[in-house]
>>> print(open('data.tsv').read())   # TSV, C-alpha atoms and all ligand atoms
chain	number	residue	atom	x	y	z
A	262	MET	CA	99.71	124.65	109.22
A	263	LEU	CA	97.58	121.65	110.14
A	264	LYS	CA	95.00	122.20	112.85
A	265	ILE	CA	93.26	119.14	114.22
A	266	SER	CA	90.28	119.87	116.47
A	267	ASN	CA	88.29	117.38	118.55
A	268	ILE	CA	88.65	114.52	116.10
A	269	SER	CA	86.90	111.40	117.38
A	270	LYS	CA	86.27	107.97	115.91
A	271	SER	CA	84.62	104.74	116.99
A	272	TYR	CA	84.30	101.45	115.14
A	273	GLY	CA	80.97	100.13	116.42
A	274	ASN	CA	81.31	100.16	120.20
A	275	LYS	CA	85.07	100.36	120.05
A	276	LYS	CA	86.37	103.87	120.64
A	277	ALA	CA	89.50	104.21	118.51
A	278	LEU	CA	90.09	107.93	119.04
A	279	GLY	CA	88.97	110.09	121.94
A	280	GLU	CA	88.98	113.77	121.10
A	281	VAL	CA	92.24	114.54	119.39
A	282	THR	CA	93.26	118.18	119.22
A	283	MET	CA	96.66	119.47	118.11
A	284	GLU	CA	98.42	121.92	115.86
A	285	LEU	CA	101.30	120.96	113.61
A	286	LYS	CA	103.71	123.39	112.02
A	287	GLU	CA	106.75	122.81	109.82
A	288	GLY	CA	108.95	119.86	110.77
A	289	VAL	CA	109.03	116.15	111.46
A	290	TYR	CA	106.52	114.79	113.97
A	291	ALA	CA	106.52	111.26	115.29
A	292	LEU	CA	103.22	109.71	116.24
A	293	LEU	CA	104.28	107.08	118.72
A	294	GLY	CA	102.16	104.44	120.40
A	295	PRO	CA	101.72	100.67	120.72
A	296	ASN	CA	99.65	98.39	118.48
A	297	GLY	CA	96.02	99.42	118.51
A	298	ALA	CA	96.64	102.88	120.02
A	299	GLY	CA	94.90	104.61	117.12
A	300	LYS	CA	97.81	105.76	114.94
A	301	SER	CA	96.51	104.46	111.62
A	302	THR	CA	93.00	105.64	112.41
A	303	LEU	CA	94.31	109.15	112.97
A	304	MET	CA	96.52	109.01	109.85
A	305	ASN	CA	93.59	107.82	107.77
A	306	ILE	CA	91.45	110.69	109.01
A	307	ILE	CA	94.21	113.27	108.44
A	308	THR	CA	94.64	112.03	104.88
A	309	GLY	CA	90.91	112.12	104.19
A	310	ASN	CA	90.62	108.36	103.71
A	311	LEU	CA	88.39	107.85	106.73
A	312	LYS	CA	85.63	110.05	108.02
A	313	ALA	CA	85.80	111.11	111.66
A	314	ASP	CA	82.69	110.92	113.83
A	315	GLY	CA	83.26	114.47	115.01
A	316	GLY	CA	85.69	117.36	114.87
A	317	GLU	CA	87.45	119.04	111.98
A	318	ILE	CA	90.84	119.39	110.34
A	319	LEU	CA	92.07	122.64	108.84
A	320	TRP	CA	94.99	123.15	106.47
A	321	ASP	CA	95.98	126.82	106.52
A	322	GLU	CA	92.56	127.58	108.00
A	323	LYS	CA	90.69	125.72	105.27
A	324	ASN	CA	88.61	122.64	106.05
A	325	ILE	CA	90.29	119.68	104.33
A	326	GLU	CA	86.95	118.13	103.38
A	327	LYS	CA	86.05	121.26	101.49
A	328	MET	CA	89.47	121.53	99.85
A	329	GLY	CA	88.99	118.27	97.93
A	330	LYS	CA	91.45	118.05	95.07
A	331	GLU	CA	93.48	120.97	96.32
A	332	TYR	CA	94.21	119.03	99.52
A	333	ARG	CA	95.23	115.92	97.63
A	334	ARG	CA	97.76	117.98	95.71
A	335	ILE	CA	99.59	119.09	98.86
A	336	LEU	CA	99.35	115.64	100.45
A	337	GLY	CA	101.65	112.63	100.20
A	338	TYR	CA	100.55	109.47	101.95
A	339	ALA	CA	102.32	106.17	102.46
A	340	PRO	CA	99.72	103.90	104.07
A	341	GLN	CA	100.54	101.02	106.39
A	342	GLN	CA	99.22	98.25	104.16
A	343	GLN	CA	101.04	97.37	101.01
A	344	GLY	CA	98.14	97.11	98.61
A	345	LEU	CA	100.31	97.44	95.55
A	346	TYR	CA	99.58	96.46	91.99
A	347	GLU	CA	101.63	93.28	91.80
A	348	THR	CA	101.58	93.00	88.00
A	349	PHE	CA	102.70	96.59	87.43
A	350	THR	CA	106.34	97.47	87.19
A	351	GLY	CA	107.52	99.97	89.77
A	352	ARG	CA	107.73	102.61	87.05
A	353	ARG	CA	104.20	101.96	85.86
A	354	PHE	CA	102.90	102.19	89.42
A	355	LEU	CA	104.66	105.52	90.01
A	356	SER	CA	103.46	106.79	86.67
A	357	TYR	CA	99.91	105.83	87.59
A	358	MET	CA	100.15	107.49	91.01
A	359	GLY	CA	101.69	110.58	89.43
A	360	THR	CA	98.77	110.84	87.05
A	361	LEU	CA	96.31	110.55	89.95
A	362	LYS	CA	98.19	113.38	91.62
A	363	GLU	CA	97.92	115.37	88.41
A	364	ILE	CA	101.64	115.82	88.00
A	365	ASP	CA	102.35	117.52	84.70
A	366	LYS	CA	103.04	114.96	81.95
A	367	LYS	CA	106.26	116.65	80.94
A	368	ASN	CA	107.60	116.46	84.51
A	369	LEU	CA	106.44	112.94	85.24
A	370	LYS	CA	109.53	111.13	83.97
A	371	SER	CA	111.99	113.25	85.92
A	372	GLU	CA	109.78	113.08	89.00
A	373	ILE	CA	109.77	109.29	88.84
A	374	GLU	CA	113.55	109.43	88.47
A	375	ARG	CA	113.85	111.70	91.49
A	376	VAL	CA	111.77	109.65	93.91
A	377	THR	CA	113.24	106.36	92.67
A	378	ASN	CA	116.69	107.69	93.42
A	379	TYR	CA	115.48	108.88	96.75
A	380	VAL	CA	114.56	105.42	97.96
A	381	ASN	CA	117.41	103.69	96.16
A	382	LEU	CA	115.29	101.60	93.82
A	383	ASN	CA	116.84	102.60	90.49
A	384	ASP	CA	117.91	99.14	89.45
A	385	LYS	CA	114.52	97.59	90.28
A	386	ILE	CA	112.14	100.16	88.89
A	387	ASP	CA	111.43	98.29	85.63
A	388	LYS	CA	110.78	94.97	87.36
A	389	SER	CA	107.26	93.92	88.30
A	390	ILE	CA	106.19	94.66	91.85
A	391	GLY	CA	105.24	91.03	92.39
A	392	ALA	CA	108.95	90.23	92.34
A	393	TYR	CA	109.86	92.89	94.94
A	394	SER	CA	110.82	91.99	98.47
A	395	GLY	CA	108.74	93.45	101.33
A	396	GLY	CA	111.31	96.17	101.93
A	397	MET	CA	111.36	97.14	98.24
A	398	LYS	CA	107.57	97.45	98.21
A	399	GLN	CA	107.80	99.60	101.29
A	400	ARG	CA	110.34	101.86	99.58
A	401	LEU	CA	108.14	102.12	96.51
A	402	LEU	CA	105.29	103.23	98.77
A	403	ILE	CA	107.52	105.91	100.26
A	404	ALA	CA	108.61	107.02	96.78
A	405	GLN	CA	104.98	107.33	95.72
A	406	ALA	CA	104.20	109.50	98.75
A	407	LEU	CA	106.97	111.93	97.82
A	408	MET	CA	105.85	112.52	94.25
A	409	GLY	CA	104.97	116.09	93.41
A	410	ASN	CA	106.88	117.39	96.43
A	411	PRO	CA	103.89	117.54	98.80
A	412	LYS	CA	103.80	120.00	101.71
A	413	LEU	CA	102.18	117.49	104.02
A	414	ILE	CA	103.67	114.00	104.13
A	415	VAL	CA	102.02	111.29	106.18
A	416	MET	CA	103.80	107.97	106.57
A	417	ASP	CA	102.36	105.06	108.51
A	418	GLU	CA	105.13	102.76	109.75
A	419	PRO	CA	107.40	103.72	106.82
A	420	THR	CA	110.33	101.61	107.90
A	421	ALA	CA	108.40	98.39	108.50
A	422	GLY	CA	110.24	95.55	106.82
A	423	LEU	CA	113.34	97.58	105.96
A	424	ASP	CA	116.75	96.19	106.79
A	425	PRO	CA	118.89	98.25	109.19
A	426	LYS	CA	120.86	99.95	106.40
A	427	GLU	CA	117.76	101.07	104.50
A	428	ARG	CA	116.12	102.06	107.78
A	429	VAL	CA	118.93	104.51	108.49
A	430	ARG	CA	118.99	105.72	104.88
A	431	VAL	CA	115.27	106.43	104.83
A	432	ARG	CA	115.39	108.09	108.24
A	433	GLU	CA	118.18	110.44	107.21
A	434	LYS	CA	116.59	111.27	103.90
A	435	ILE	CA	113.30	112.10	105.55
A	436	SER	CA	114.92	114.42	108.04
A	437	ARG	CA	116.87	116.23	105.33
A	438	GLN	CA	113.85	117.26	103.34
A	439	ALA	CA	111.61	118.55	106.11
A	440	ASP	CA	112.14	122.26	105.37
A	441	GLY	CA	108.86	123.99	104.68
A	442	LYS	CA	106.94	120.76	105.12
A	443	ILE	CA	104.97	118.93	107.75
A	444	ILE	CA	106.00	115.30	107.98
A	445	ILE	CA	104.10	112.94	110.25
A	446	ILE	CA	105.52	109.50	110.89
A	447	ALA	CA	103.43	106.95	112.75
A	448	THR	CA	105.52	104.27	114.36
A	449	HIS	CA	106.11	102.14	117.39
A	450	VAL	CA	109.81	101.93	116.63
A	451	VAL	CA	111.38	104.53	118.88
A	452	SER	CA	114.80	104.50	117.23
A	453	ASP	CA	113.33	105.45	113.86
A	454	VAL	CA	112.17	108.82	115.06
A	455	GLU	CA	114.22	109.69	118.11
A	456	SER	CA	116.92	111.59	116.23
A	457	ILE	CA	114.76	113.23	113.57
A	458	ALA	CA	111.50	114.26	115.24
A	459	LYS	CA	111.05	117.87	116.23
A	460	GLU	CA	108.24	116.67	118.46
A	461	VAL	CA	106.99	113.30	119.58
A	462	ILE	CA	103.25	112.87	119.86
A	463	ILE	CA	102.43	109.98	122.16
A	464	ILE	CA	99.08	108.30	121.66
A	465	LYS	CA	97.60	105.94	124.21
A	466	ASP	CA	94.20	104.27	123.85
A	467	GLY	CA	93.12	106.84	121.28
A	468	ASN	CA	94.18	109.88	123.29
A	469	ILE	CA	97.17	112.15	122.80
A	470	ILE	CA	98.94	112.15	126.13
A	471	GLU	CA	102.14	113.97	125.16
A	472	LYS	CA	103.36	116.30	122.41
A	473	ASP	CA	106.84	117.57	123.04
A	474	SER	CA	110.51	117.38	122.07
A	475	VAL	CA	112.52	114.29	122.99
A	476	LYS	CA	114.57	116.43	125.36
A	477	ASN	CA	111.55	117.76	127.24
A	478	LEU	CA	109.95	114.34	127.41
A	479	CYS	CA	113.11	112.85	128.89
A	480	GLU	CA	113.18	115.56	131.55
A	481	LYS	CA	109.52	115.07	132.32
A	482	TYR	CA	109.79	111.33	132.77
A	483	ASP	CA	112.24	111.25	135.65
A	484	ASN	CA	115.20	112.21	133.51
A	485	ALA	CA	114.78	109.25	131.23
A	486	LYS	CA	118.01	108.60	129.33
A	487	ASP	CA	116.31	108.36	125.94
A	488	LEU	CA	112.96	108.11	124.20
A	489	GLU	CA	112.89	104.34	124.65
A	490	ASP	CA	112.99	104.94	128.39
A	491	VAL	CA	110.11	107.41	128.13
A	492	TYR	CA	108.13	104.93	126.06
A	493	MET	CA	108.76	102.14	128.56
A	494	SER	CA	107.74	104.24	131.51
A	495	ILE	CA	104.42	104.96	129.78
A	496	PHE	CA	103.70	101.61	128.15
A	497	GLY	CA	106.13	99.22	129.84
A	498	ASN	CA	103.57	97.63	132.14
A	499	GLU	CA	100.84	97.35	129.54
A	500	GLU	CA	99.48	94.26	127.92
A	501	LYS	CA	99.56	94.36	124.13
A	502	HIS	CA	96.26	95.48	122.63
A	503	ASP	CA	95.86	93.21	119.68
A	601	LIG	N1	88.13	98.79	110.47
A	601	LIG	C1	88.10	98.58	111.78
A	601	LIG	N2	87.04	97.97	112.36
A	601	LIG	C2	86.99	97.77	113.70
A	601	LIG	N3	87.96	98.14	114.55
A	601	LIG	C3	89.04	98.74	114.04
A	601	LIG	C4	89.17	98.99	112.63
A	601	LIG	N4	90.36	99.60	112.41
A	601	LIG	C5	90.94	99.72	113.63
A	601	LIG	N5	90.15	99.21	114.60
A	601	LIG	C6	90.46	99.22	116.06
A	601	LIG	O1	90.73	100.54	116.44
A	601	LIG	C7	91.84	100.60	117.32
A	601	LIG	C8	92.93	101.48	116.72
A	601	LIG	O2	93.47	100.83	115.57
A	601	LIG	P1	94.61	101.46	114.68
A	601	LIG	O3	94.77	100.60	113.50
A	601	LIG	O4	94.31	102.89	114.47
A	601	LIG	O5	95.86	101.32	115.66
A	601	LIG	P2	97.42	101.54	115.35
A	601	LIG	O6	97.95	102.42	116.44
A	601	LIG	O7	97.63	101.97	113.96
A	601	LIG	O8	98.02	100.07	115.57
A	601	LIG	P3	99.28	99.34	114.82
A	601	LIG	O9	100.52	99.78	115.54
A	601	LIG	O10	99.00	97.89	115.07
A	601	LIG	O11	99.27	99.70	113.38
A	601	LIG	C9	92.25	99.16	117.58
A	601	LIG	O12	91.62	98.72	118.74
A	601	LIG	C10	91.70	98.42	116.38
A	601	LIG	O13	91.41	97.10	116.70
A	602	MG	MG	98.65	101.20	112.38
>>> encode(input="data.tsv", output="structure tokens")
Amino acid sequence: MLKISNISKSYGNKKALGEVTMELKEGVYALLGPNGAGKSTLMNIITGNLKADGGEILWDEKNIEKMGKEYRRILGYAPQQQGLYETFTGRRFLSYMGTLKEIDKKNLKSEIERVTNYVNLNDKIDKSIGAYSGGMKQRLLIAQALMGNPKLIVMDEPTAGLDPKERVRVREKISRQADGKIIIIATHVVSDVESIAKEVIIIKDGNIIEKDSVKNLCEKYDNAKDLEDVYMSIFGNEEKHD
């Protein structure tokens, strides 16, 4: 279980996160909010890539900062930016990431095979990343996050740049492997998470304003017909942030 308590973060004078508190158990969670709401900031803190100003995060009652390597072993992270090694082949990149994750050498080849299959990149895996399309890079990032079968998977805008067919494929695959895992998907694309999220966490100006099932949210917001409706009744009248 992931327990987030009073996590706050400012960049200079800009408050990016208020005090975020929530508990996540097994299942798929969608972190939904517009540009600049604080999704990536929260994801970066959950994955230990950014230090919060205050608060703490516990994995099974252990502070993630104190867990160090042990936390990285249970964690898979697909960040929003595609800072990939353009001269590497896909296979070399996955091999490198697998080594960082300390995946056993004897399992590495089959693990690369497994995640490559998963994101449908088999025929491209020996090509250099520089020659990948945006969507292929995105799928490679997802594949990397799944290596070693992590218990906590954090994906920041995982379907950005994917064509509709791959979008659906990735969505369905994600939902099918959620057993015994916590999967957090940050997105502003409602349709990507509506059918697969156990709960939708809505973030507005750095604060969590809702955390509930799609069904309950629809009831709460004047019997909204779907999550898009809920989203629009919260954010519909807002100016974009950045
Ligand atoms: N490194 C930084 N320095 C200064 N301000 C930052 C930095 N990173 C984020 N911010 C600001 O913090 C706020 C939250 O940004 P964040 O990237 O977490 O939003 P987001 O919900 O992920 O947005 P998007 O949907 O565009 O990815 C924004 O106002 C943003 O401008
Ligand atoms: Mg972001």
>>> atom_distance(input="data.tsv", atom1="atom CA of Lys388 of chain A", atom2="atom CA of Phe349 of chain A")
8.2 Å
>>> closest_residue(input="data.tsv", among="A:Ile265, A:Leu361, A:Ala339, A:Val431", to="Ser301 of chain A", atoms="only C-alpha atoms")
A:Ala339
>>> residues_near_ligand(input="data.tsv", ligand="ligand MG 602 (chain A)", cutoff="8 Å", atoms="all atoms listed in the file", output="CSV table (one decimal) with C-alpha atoms, keeping the file's coordinate frame")
chain,number,residue,atom,x,y,z
A,296,ASN,CA,99.6,98.4,118.5
A,297,GLY,CA,96.0,99.4,118.5
A,299,GLY,CA,94.9,104.6,117.1
A,300,LYS,CA,97.8,105.8,114.9
A,301,SER,CA,96.5,104.5,111.6
A,302,THR,CA,93.0,105.6,112.4
A,341,GLN,CA,100.5,101.0,106.4
A,417,ASP,CA,102.4,105.1,108.5
A,418,GLU,CA,105.1,102.8,109.8
A,447,ALA,CA,103.4,107.0,112.8
A,448,THR,CA,105.5,104.3,114.4
>>> residues_around(input="data.tsv", residues="Asn324 of chain A", least_positions_apart="3", cutoff="12 Å", atoms="all atoms listed in the file", output="PDB file with C-alpha atoms, keeping the file's coordinate frame")
ATOM      1  CA  MET A 262      99.710 124.650 109.220  1.00  0.00           C
ATOM      2  CA  LEU A 263      97.580 121.650 110.140  1.00  0.00           C
ATOM      3  CA  LYS A 264      95.000 122.200 112.850  1.00  0.00           C
ATOM      4  CA  ILE A 265      93.260 119.140 114.220  1.00  0.00           C
ATOM      5  CA  SER A 266      90.280 119.870 116.470  1.00  0.00           C
ATOM      6  CA  ILE A 307      94.210 113.270 108.440  1.00  0.00           C
ATOM      7  CA  GLY A 309      90.910 112.120 104.190  1.00  0.00           C
ATOM      8  CA  GLY A 316      85.690 117.360 114.870  1.00  0.00           C
ATOM      9  CA  GLU A 317      87.450 119.040 111.980  1.00  0.00           C
ATOM     10  CA  ILE A 318      90.840 119.390 110.340  1.00  0.00           C
ATOM     11  CA  LEU A 319      92.070 122.640 108.840  1.00  0.00           C
ATOM     12  CA  TRP A 320      94.990 123.150 106.470  1.00  0.00           C
ATOM     13  CA  ASP A 321      95.980 126.820 106.520  1.00  0.00           C
ATOM     14  CA  LYS A 327      86.050 121.260 101.490  1.00  0.00           C
ATOM     15  CA  MET A 328      89.470 121.530  99.850  1.00  0.00           C
ATOM     16  CA  GLY A 329      88.990 118.270  97.930  1.00  0.00           C
ATOM     17  CA  GLU A 331      93.480 120.970  96.320  1.00  0.00           C
ATOM     18  CA  TYR A 332      94.210 119.030  99.520  1.00  0.00           C
TER      19      TYR A 332
END
>>> atom_distance(input="data.tsv", atom1="atom CA of Arg430 of chain A", atom2="atom CA of Ile390 of chain A")
21.4 Å
>>> residues_near_ligand(input="data.tsv", ligand="ligand LIG 601 (chain A)", cutoff="10 Å", atoms="all atoms listed in the file", output="NGL selection string")
:A and (270-278 or 292-306 or 311 or 341-342 or 417-418 or 447-450 or 464-467 or 501-503)
>>> residues_around(input="data.tsv", residues="segment 402-414 of chain A", least_positions_apart="2", cutoff="8 Å", atoms="all atoms listed in the file", output="NGL selection string")
:A and (334-340 or 343 or 355 or 358-359 or 362 or 364 or 372-373 or 376-377 or 379-380 or 398-400 or 416 or 419 or 441-445)
>>> atom_distance(input="data.tsv", atom1="atom CA of Leu488 of chain A", atom2="atom CA of Asp453 of chain A")
10.7 Å
>>> closest_residue(input="data.tsv", among="A:Ala291, A:Glu374, A:Asp424, A:Asp314", to="Gly279 of chain A", atoms="only C-alpha atoms")
A:Asp314
>>> residues_near_point(input="data.tsv", point="(111.2, 96.0, 94.9)", cutoff="10 Å", atoms="all atoms listed in the file", output="PyMOL selection string")
chain A and resi 350-351+381-401
